[in-house]
file protein-v5.cif (mmCIF, C-alpha atoms)
data_upload
#
loop_
_atom_site.label_atom_id
_atom_site.label_comp_id
_atom_site.auth_asym_id
_atom_site.auth_seq_id
_atom_site.Cartn_x
_atom_site.Cartn_y
_atom_site.Cartn_z
CA MET A 1 -22.11 -87.59 12.13
CA PHE A 2 -23.46 -86.44 8.78
CA VAL A 3 -24.90 -89.92 8.35
CA ALA A 4 -26.84 -89.53 11.57
CA ALA A 5 -28.02 -86.09 10.47
CA ALA A 6 -29.13 -87.49 7.12
CA ALA A 7 -31.01 -90.32 8.83
CA ALA A 8 -32.76 -87.84 11.12
CA ILE A 9 -33.73 -85.65 8.16
CA ILE A 10 -35.04 -88.70 6.29
CA ALA A 11 -37.15 -89.59 9.32
CA ALA A 12 -38.55 -86.05 9.36
CA LEU A 13 -39.12 -86.27 5.61
CA VAL A 14 -41.29 -89.34 6.10
CA LEU A 15 -43.50 -87.54 8.62
CA ALA A 16 -44.36 -84.51 6.47
CA PRO A 17 -46.24 -86.33 3.65
CA ILE A 18 -48.24 -88.22 6.28
CA ARG A 19 -49.50 -84.90 7.62
CA ALA A 20 -50.13 -83.67 4.07
CA PHE A 21 -52.16 -86.82 3.37
CA ALA A 22 -54.05 -86.98 6.65
CA GLY A 23 -54.79 -83.30 7.06
CA PRO A 24 -57.26 -82.60 8.57
CA SER A 25 -57.18 -78.84 8.08
CA LEU A 26 -55.89 -76.94 5.10
CA TYR A 27 -53.09 -75.29 6.99
CA ASP A 28 -51.76 -78.67 8.07
CA ARG A 29 -51.29 -79.53 4.42
CA VAL A 30 -49.66 -76.20 3.54
CA LEU A 31 -47.36 -76.50 6.52
CA ALA A 32 -46.50 -80.07 5.57
CA GLY A 33 -45.52 -78.97 2.07
CA ASN A 34 -43.51 -76.04 3.37
CA SER A 35 -41.67 -78.04 6.00
CA PHE A 36 -40.97 -80.74 3.44
CA GLY A 37 -39.29 -78.13 1.27
CA THR A 38 -37.21 -76.99 4.23
CA LYS A 39 -36.17 -80.56 4.96
CA THR A 40 -35.19 -80.98 1.31
CA VAL A 41 -32.91 -77.95 1.65
CA LEU A 42 -31.32 -79.48 4.74
CA LEU A 43 -30.99 -82.87 3.06
CA ILE A 44 -29.22 -81.40 0.03
CA GLY A 45 -26.84 -79.54 2.32
CA VAL A 46 -26.04 -82.68 4.30
CA MET A 47 -25.74 -84.63 1.06
CA GLY A 48 -23.07 -82.21 -0.12
CA PHE A 49 -21.04 -82.75 3.04
CA LEU A 50 -21.55 -86.52 2.81
CA THR A 51 -20.07 -86.61 -0.68
CA GLY A 52 -17.34 -84.13 0.20
CA ARG A 53 -18.71 -81.33 -2.00
CA PRO A 54 -19.84 -78.37 0.10
CA ASP A 55 -20.77 -76.54 -3.14
CA PHE A 56 -24.15 -78.16 -2.73
CA LEU A 57 -24.88 -75.46 -0.16
CA ASP A 58 -25.43 -72.98 -3.01
CA ILE A 59 -28.03 -75.28 -4.53
CA ALA A 60 -29.66 -75.68 -1.13
CA LEU A 61 -29.91 -71.90 -0.82
CA LEU A 62 -31.66 -71.68 -4.19
CA TYR A 63 -34.10 -74.37 -3.06
CA ALA A 64 -34.85 -72.37 0.05
CA LEU A 65 -35.71 -69.38 -2.13
CA ILE A 66 -38.00 -71.46 -4.37
CA ASN A 67 -39.70 -72.99 -1.35
CA PHE A 68 -40.33 -69.57 0.15
CA ALA A 69 -41.80 -68.17 -3.06
CA ALA A 70 -43.94 -71.26 -3.65
CA THR A 71 -45.42 -71.14 -0.15
CA LEU A 72 -46.22 -67.46 -0.57
CA ALA A 73 -47.92 -68.19 -3.90
CA ILE A 74 -49.98 -71.01 -2.38
CA LEU A 75 -51.08 -68.93 0.58
CA ARG A 76 -52.05 -66.10 -1.73
CA PHE A 77 -54.86 -68.23 -3.12
CA PHE A 78 -56.57 -68.53 0.24
CA SER A 79 -57.07 -64.85 0.78
CA TYR A 80 -59.69 -64.96 -1.98
CA ARG A 81 -61.58 -68.01 -0.72
CA THR A 82 -63.40 -66.71 2.33
CA PRO A 83 -66.98 -68.02 2.67
CA LYS A 84 -69.63 -65.35 2.48
CA GLY A 85 -70.62 -63.81 5.78
CA GLU A 86 -67.71 -65.18 7.77
CA PRO A 87 -64.70 -63.05 8.52
CA ALA A 88 -61.43 -64.58 7.48
CA GLY A 89 -58.78 -64.84 10.10
CA PRO A 90 -56.21 -67.13 11.58
CA LEU A 91 -58.87 -68.96 13.58
CA ASN A 92 -61.28 -69.23 10.68
CA PRO A 93 -59.65 -70.99 7.73
CA PRO A 94 -61.29 -69.73 4.56
CA MET A 95 -61.42 -73.16 2.98
CA ASN A 96 -61.90 -76.48 4.69
CA GLY A 97 -59.52 -79.02 3.22
CA GLY A 98 -60.29 -81.74 5.67
CA GLY A 99 -62.28 -84.92 5.39
CA ALA A 100 -65.27 -83.51 7.22
CA ALA A 101 -66.00 -81.04 4.42
CA MET B 1 -12.29 -101.65 1.59
CA SER B 2 -13.92 -100.57 4.79
CA SER B 3 -13.47 -96.88 3.95
CA PHE B 4 -14.99 -97.56 0.53
CA GLN B 5 -18.03 -99.03 2.16
CA THR B 6 -18.52 -96.16 4.58
CA HIS B 7 -18.47 -93.79 1.61
CA ILE B 8 -21.00 -95.73 -0.44
CA SER B 9 -23.52 -97.16 1.95
CA PRO B 10 -25.03 -93.93 3.40
CA LEU B 11 -25.68 -92.59 -0.07
CA LEU B 12 -27.17 -95.89 -1.14
CA PHE B 13 -29.40 -95.76 1.91
CA LEU B 14 -30.30 -92.19 1.00
CA ASP B 15 -31.21 -93.10 -2.58
CA LEU B 16 -33.22 -96.10 -1.48
CA SER B 17 -35.20 -94.14 1.07
CA LEU B 18 -35.85 -91.33 -1.43
CA LEU B 19 -37.10 -93.80 -4.03
CA THR B 20 -39.26 -95.61 -1.48
CA MET B 21 -40.79 -92.30 -0.44
CA LEU B 22 -41.45 -91.44 -4.08
CA VAL B 23 -43.48 -94.64 -4.45
CA LEU B 24 -45.33 -94.06 -1.17
CA VAL B 25 -46.19 -90.45 -2.04
CA ALA B 26 -47.44 -91.55 -5.47
CA PHE B 27 -49.77 -94.09 -3.85
CA ALA B 28 -50.93 -91.48 -1.34
CA MET B 29 -51.78 -89.17 -4.25
CA LEU B 30 -53.79 -91.96 -5.84
CA ARG B 31 -55.67 -92.75 -2.65
CA SER B 32 -56.52 -89.22 -1.61
CA ARG B 33 -59.84 -87.74 -2.73
CA GLN B 34 -59.05 -84.27 -1.32
CA LEU B 35 -57.71 -82.36 -4.30
CA PHE B 36 -55.80 -79.90 -2.15
CA ALA B 37 -53.97 -82.77 -0.50
CA VAL B 38 -53.16 -84.16 -3.94
CA VAL B 39 -51.74 -80.78 -5.02
CA MET B 40 -49.55 -80.54 -1.92
CA LEU B 41 -48.45 -84.16 -2.30
CA SER B 42 -47.50 -83.56 -5.91
CA GLY B 43 -45.36 -80.65 -4.78
CA ILE B 44 -43.76 -82.96 -2.23
CA TYR B 45 -43.24 -85.53 -4.99
CA SER B 46 -41.42 -82.94 -7.10
CA LEU B 47 -39.19 -81.92 -4.19
CA LEU B 48 -38.39 -85.58 -3.53
CA SER B 49 -37.45 -86.26 -7.13
CA ALA B 50 -35.40 -83.04 -7.15
CA ALA B 51 -33.46 -84.31 -4.12
CA PHE B 52 -32.97 -87.61 -5.91
CA PHE B 53 -31.68 -85.81 -9.01
CA VAL B 54 -29.18 -83.91 -6.85
CA SER B 55 -28.07 -87.25 -5.46
CA LEU B 56 -27.59 -88.42 -9.06
CA ASP B 57 -25.40 -85.33 -9.78
CA ALA B 58 -27.95 -83.93 -12.24
CA VAL B 59 -28.09 -80.58 -10.51
CA ASP B 60 -29.59 -78.60 -13.39
CA VAL B 61 -32.37 -81.14 -13.92
CA ALA B 62 -33.05 -81.07 -10.19
CA PHE B 63 -33.28 -77.30 -10.20
CA THR B 64 -35.74 -77.32 -13.10
CA GLU B 65 -37.80 -79.98 -11.34
CA ALA B 66 -37.93 -77.96 -8.13
CA ALA B 67 -38.82 -74.70 -9.88
CA VAL B 68 -41.36 -76.09 -12.33
CA GLY B 69 -42.69 -79.11 -10.45
CA ALA B 70 -42.84 -77.81 -6.92
CA GLY B 71 -43.28 -74.13 -7.68
CA VAL B 72 -45.09 -73.28 -10.88
CA SER B 73 -47.19 -76.38 -11.47
CA THR B 74 -48.38 -76.43 -7.85
CA VAL B 75 -49.70 -72.91 -8.28
CA LEU B 76 -51.21 -73.80 -11.67
CA MET B 77 -52.98 -76.83 -10.21
CA LEU B 78 -54.26 -74.74 -7.31
CA GLY B 79 -55.63 -72.24 -9.80
CA GLY B 80 -57.31 -75.02 -11.72
CA MET B 81 -58.70 -76.49 -8.51
CA LEU B 82 -60.28 -73.15 -7.59
CA LEU B 83 -62.14 -73.20 -10.90
CA THR B 84 -63.53 -76.70 -10.34
CA ALA B 85 -64.45 -78.80 -7.32
CA ARG B 86 -62.34 -79.37 -4.23
CA ARG B 87 -63.04 -83.08 -4.04
CA GLU B 88 -62.50 -85.69 -6.67
CA LYS B 89 -65.55 -87.61 -7.80
CA PRO B 90 -65.52 -91.34 -7.06
CA VAL B 91 -64.15 -93.41 -9.90
CA THR B 92 -66.79 -95.24 -11.91
CA PRO B 93 -66.02 -98.90 -11.26
CA GLY B 94 -66.87 -100.02 -14.78
CA ARG B 95 -64.17 -97.86 -16.36
CA ALA B 96 -61.33 -98.93 -14.08
CA PRO B 97 -60.34 -102.15 -15.94
CA VAL B 98 -60.17 -100.33 -19.28
CA ALA B 99 -57.95 -97.62 -17.84
CA LEU B 100 -55.78 -100.25 -16.16
CA ALA B 101 -55.41 -102.12 -19.45
CA VAL B 102 -54.41 -98.91 -21.28
CA VAL B 103 -51.86 -98.03 -18.61
CA LEU B 104 -50.42 -101.55 -18.56
CA ALA B 105 -50.13 -101.66 -22.37
CA THR B 106 -48.41 -98.26 -22.47
CA GLY B 107 -46.04 -99.24 -19.67
CA ALA B 108 -45.21 -102.53 -21.37
CA ALA B 109 -44.48 -100.70 -24.65
CA LEU B 110 -42.20 -98.22 -22.84
CA ILE B 111 -40.32 -101.00 -21.07
CA TYR B 112 -40.02 -102.86 -24.38
CA ALA B 113 -38.53 -99.71 -25.94
CA THR B 114 -35.84 -99.52 -23.26
CA ILE B 115 -34.43 -102.87 -24.42
CA ASP B 116 -32.96 -101.11 -27.45
CA MET B 117 -31.18 -98.52 -25.35
CA PRO B 118 -27.39 -98.81 -25.02
CA ALA B 119 -26.05 -100.09 -21.74
CA PHE B 120 -25.40 -97.57 -18.96
CA GLY B 121 -22.03 -95.92 -19.57
CA ASP B 122 -21.45 -97.71 -22.87
CA PRO B 123 -18.52 -95.88 -24.56
CA HIS B 124 -19.77 -96.85 -28.02
CA SER B 125 -23.27 -95.52 -27.59
CA PRO B 126 -24.24 -92.67 -29.96
CA ALA B 127 -24.28 -90.15 -27.13
CA ASN B 128 -20.73 -90.95 -26.10
CA SER B 129 -19.05 -91.89 -29.38
CA SER B 130 -19.85 -89.14 -31.90
CA ILE B 131 -20.30 -85.50 -30.99
CA GLY B 132 -20.65 -85.71 -27.20
CA GLN B 133 -16.94 -86.29 -26.69
CA MET B 134 -16.17 -83.30 -28.89
CA TYR B 135 -18.20 -81.04 -26.59
CA VAL B 136 -16.39 -82.43 -23.56
CA ASP B 137 -13.00 -81.85 -25.20
CA GLU B 138 -13.58 -78.47 -26.81
CA THR B 139 -15.72 -76.61 -24.30
CA PRO B 140 -12.85 -75.47 -22.03
CA ASN B 141 -11.05 -74.03 -25.09
CA ASP B 142 -14.02 -72.60 -26.99
CA ILE B 143 -16.06 -71.16 -24.13
CA ALA B 144 -14.70 -70.52 -20.67
CA VAL B 145 -17.74 -71.99 -18.94
CA PRO B 146 -17.10 -74.73 -16.39
CA ASN B 147 -20.51 -76.37 -16.88
CA ILE B 148 -20.64 -78.17 -20.21
CA VAL B 149 -24.44 -78.39 -20.20
CA THR B 150 -24.65 -74.62 -19.89
CA ALA B 151 -22.12 -74.20 -22.70
CA VAL B 152 -24.11 -76.49 -25.01
CA LEU B 153 -27.43 -74.83 -24.21
CA ALA B 154 -26.37 -71.22 -24.27
CA SER B 155 -23.65 -71.20 -26.92
CA TYR B 156 -23.44 -74.27 -29.15
CA ARG B 157 -27.22 -74.50 -29.40
CA GLY B 158 -27.84 -70.81 -28.73
CA PHE B 159 -30.23 -70.28 -31.64
CA ASP B 160 -32.19 -73.36 -30.65
CA THR B 161 -32.54 -72.06 -27.09
CA LEU B 162 -33.54 -68.65 -28.43
CA GLY B 163 -36.27 -70.32 -30.49
CA GLU B 164 -37.53 -72.24 -27.46
CA THR B 165 -37.66 -69.04 -25.45
CA MET B 166 -39.63 -67.40 -28.26
CA VAL B 167 -42.13 -70.27 -28.24
CA ILE B 168 -42.65 -70.00 -24.48
CA PHE B 169 -42.95 -66.22 -24.67
CA THR B 170 -45.53 -66.49 -27.46
CA ALA B 171 -47.51 -69.05 -25.47
CA GLY B 172 -47.51 -66.79 -22.41
CA VAL B 173 -48.64 -63.77 -24.41
CA ALA B 174 -51.38 -65.85 -26.06
CA VAL B 175 -52.65 -67.10 -22.70
CA ILE B 176 -52.76 -63.58 -21.28
CA LEU B 177 -54.59 -62.33 -24.39
CA LEU B 178 -57.11 -65.17 -24.16
CA LEU B 179 -57.81 -64.73 -20.45
CA GLY B 180 -57.90 -60.96 -20.56
CA ILE B 181 -55.96 -58.40 -18.61
CA GLY B 182 -57.97 -59.04 -15.43
CA SER B 183 -56.51 -62.53 -15.13
CA VAL B 184 -53.18 -61.02 -14.16
CA ARG B 185 -54.63 -60.06 -10.81
CA GLY B 186 -54.51 -63.69 -9.76
CA GLY B 187 -57.85 -65.25 -8.91
CA ARG B 188 -59.65 -62.18 -7.65
CA ARG B 189 -62.39 -62.58 -10.24
CA ILE B 190 -62.95 -66.18 -9.29
CA ALA B 191 -63.51 -65.29 -5.66
CA ASP B 192 -65.87 -62.48 -6.65
CA ARG B 193 -68.01 -64.85 -8.69
CA ASP B 194 -68.00 -67.34 -5.86
CA GLU B 195 -69.30 -64.77 -3.43
CA ASP B 196 -72.19 -63.93 -5.75
CA GLU B 197 -73.49 -67.49 -5.60
#

call {"tool": "encode", "arguments": {"input": "protein-v5.cif", "output": "structure tokens"}}
result
Amino acid sequence: MFVAAAAAIIAALVLAPIRAFAGPSLYDRVLAGNSFGTKTVLLIGVMGFLTGRPDFLDIALLYALINFAATLAILRFFSYRTPKGEPAGPLNPPMNGGGAA
Amino acid sequence: MSSFQTHISPLLFLDLSLLTMLVLVAFAMLRSRQLFAVVMLSGIYSLLSAAFFVSLDAVDVAFTEAAVGAGVSTVLMLGGMLLTARREKPVTPGRAPVALAVVLATGAALIYATIDMPAFGDPHSPANSSIGQMYVDETPNDIAVPNIVTAVLASYRGFDTLGETMVIFTAGVAVILLLGIGSVRGGRRIADRDEDE
């Protein structure tokens, strides 16, 4: 059962970098990085149960903390990148990271 | 025998898929011209290698990789990207063969250097034969720390670690002094200058 869970997580892990590579918007890439970190946490947890060492859960918790802090730090940079004259908001990404830029 | 195989093969599959994804993400970083995508992919690369280190039982290395590679250096690269352009310039075609030759020569030299390394798990290698075994034997008696790496870093080589911490602290203080106090606010000045343009 843990093998199936690990395979499913690996499949999800493959999808996140594709979204980070393809974009098109900036938030797609941030979300891809964040969800990849979450999947890494899950993978380390499952890996611990696969090898019979549930202590890995502690490491997975630390990774979750790092992932949270890193995403906050990344998002903090966008609040200063609003183009002049346009209000920043959830519907108006301050910085276009896509290919059409 | 069958139980042995069920214990080994999922982890082997895990390692293989992690390594394959490392290669794929590296190529994606090379192909992408969007610098933000490259920054996010490099964070993903660090998380992948951290997961691979956990699978190799090098938990402390994995933790350092996740904290420094995925956390700090992602933020540093984002800060650098805000100071420069968001897109990478196209590579000048004339320079590519020279760079390829340099990379190939360096890689060949590194691979040549690994020939001299002792075999994996060799009991007579310098790391295993001389002082390493002493640490493994004496740590439970000398210091009641279950992790031998921690014992070596924090106690046996405590002064060395203190010196390293001093070096990093000095570097941080020097960077803050060079950039000025306003740099602590985290990119606000950059955005202000950008709005003036």

call {"tool": "atom_distance", "arguments": {"input": "protein-v5.cif", "atom1": "atom CA of Phe36 of chain A", "atom2": "atom CA of Leu13 of chain A"}}
result
6.2 Å

call {"tool": "interface_residues", "arguments": {"input": "protein-v5.cif", "of": "chain B", "to": "chain A", "cutoff": "7 Å", "atoms": "only C-alpha atoms", "output": "MDAnalysis selection string"}}
result
chainID B and resid 10 28 34 36:37 40:41 44 47 51 67 71 75 188 191 195

call {"tool": "residues_around", "arguments": {"input": "protein-v5.cif", "residues": "Ile148 of chain B", "least_positions_apart": "6", "cutoff": "10 Å", "atoms": "all atoms listed in the file", "output": "VMD selection string"}}
result
chain B and resid 135 to 140 154

call {"tool": "atom_distance", "arguments": {"input": "protein-v5.cif", "atom1": "atom CA of Ile131 of chain B", "atom2": "atom CA of Asp55 of chain A"}}
result
29.3 Å

call {"tool": "atom_distance", "arguments": {"input": "protein-v5.cif", "atom1": "atom CA of Ala64 of chain A", "atom2": "atom CA of Leu42 of chain A"}}
result
9.2 Å

call {"tool": "closest_residue", "arguments": {"input": "protein-v5.cif", "among": "B:Ile143, B:Leu18, B:Val98, B:Ala26", "to": "Ala50 of chain B", "atoms": "only C-alpha atoms"}}
result
B:Leu18

call {"tool": "residues_near_point", "arguments": {"input": "protein-v5.cif", "point": "(-23.6, -75.4, -18.7)", "cutoff": "12 Å", "atoms": "all atoms listed in the file", "output": "JSON, numbers by chain"}}
result
{"B": [58, 59, 60, 61, 135, 136, 139, 140, 143, 144, 145, 146, 147, 148, 149, 150, 151, 152, 153, 154, 155, 156, 157, 158]}

call {"tool": "axis_aligned_box", "arguments": {"input": "protein-v5.cif", "around": "segment 23-34 of chain B", "padding_each_side": "4 Å", "output": "AutoDock Vina command-line options"}}
result
--center_x -51.7 --center_y -89.5 --center_z -3.5 --size_x 24.4 --size_y 18.4 --size_z 12.7
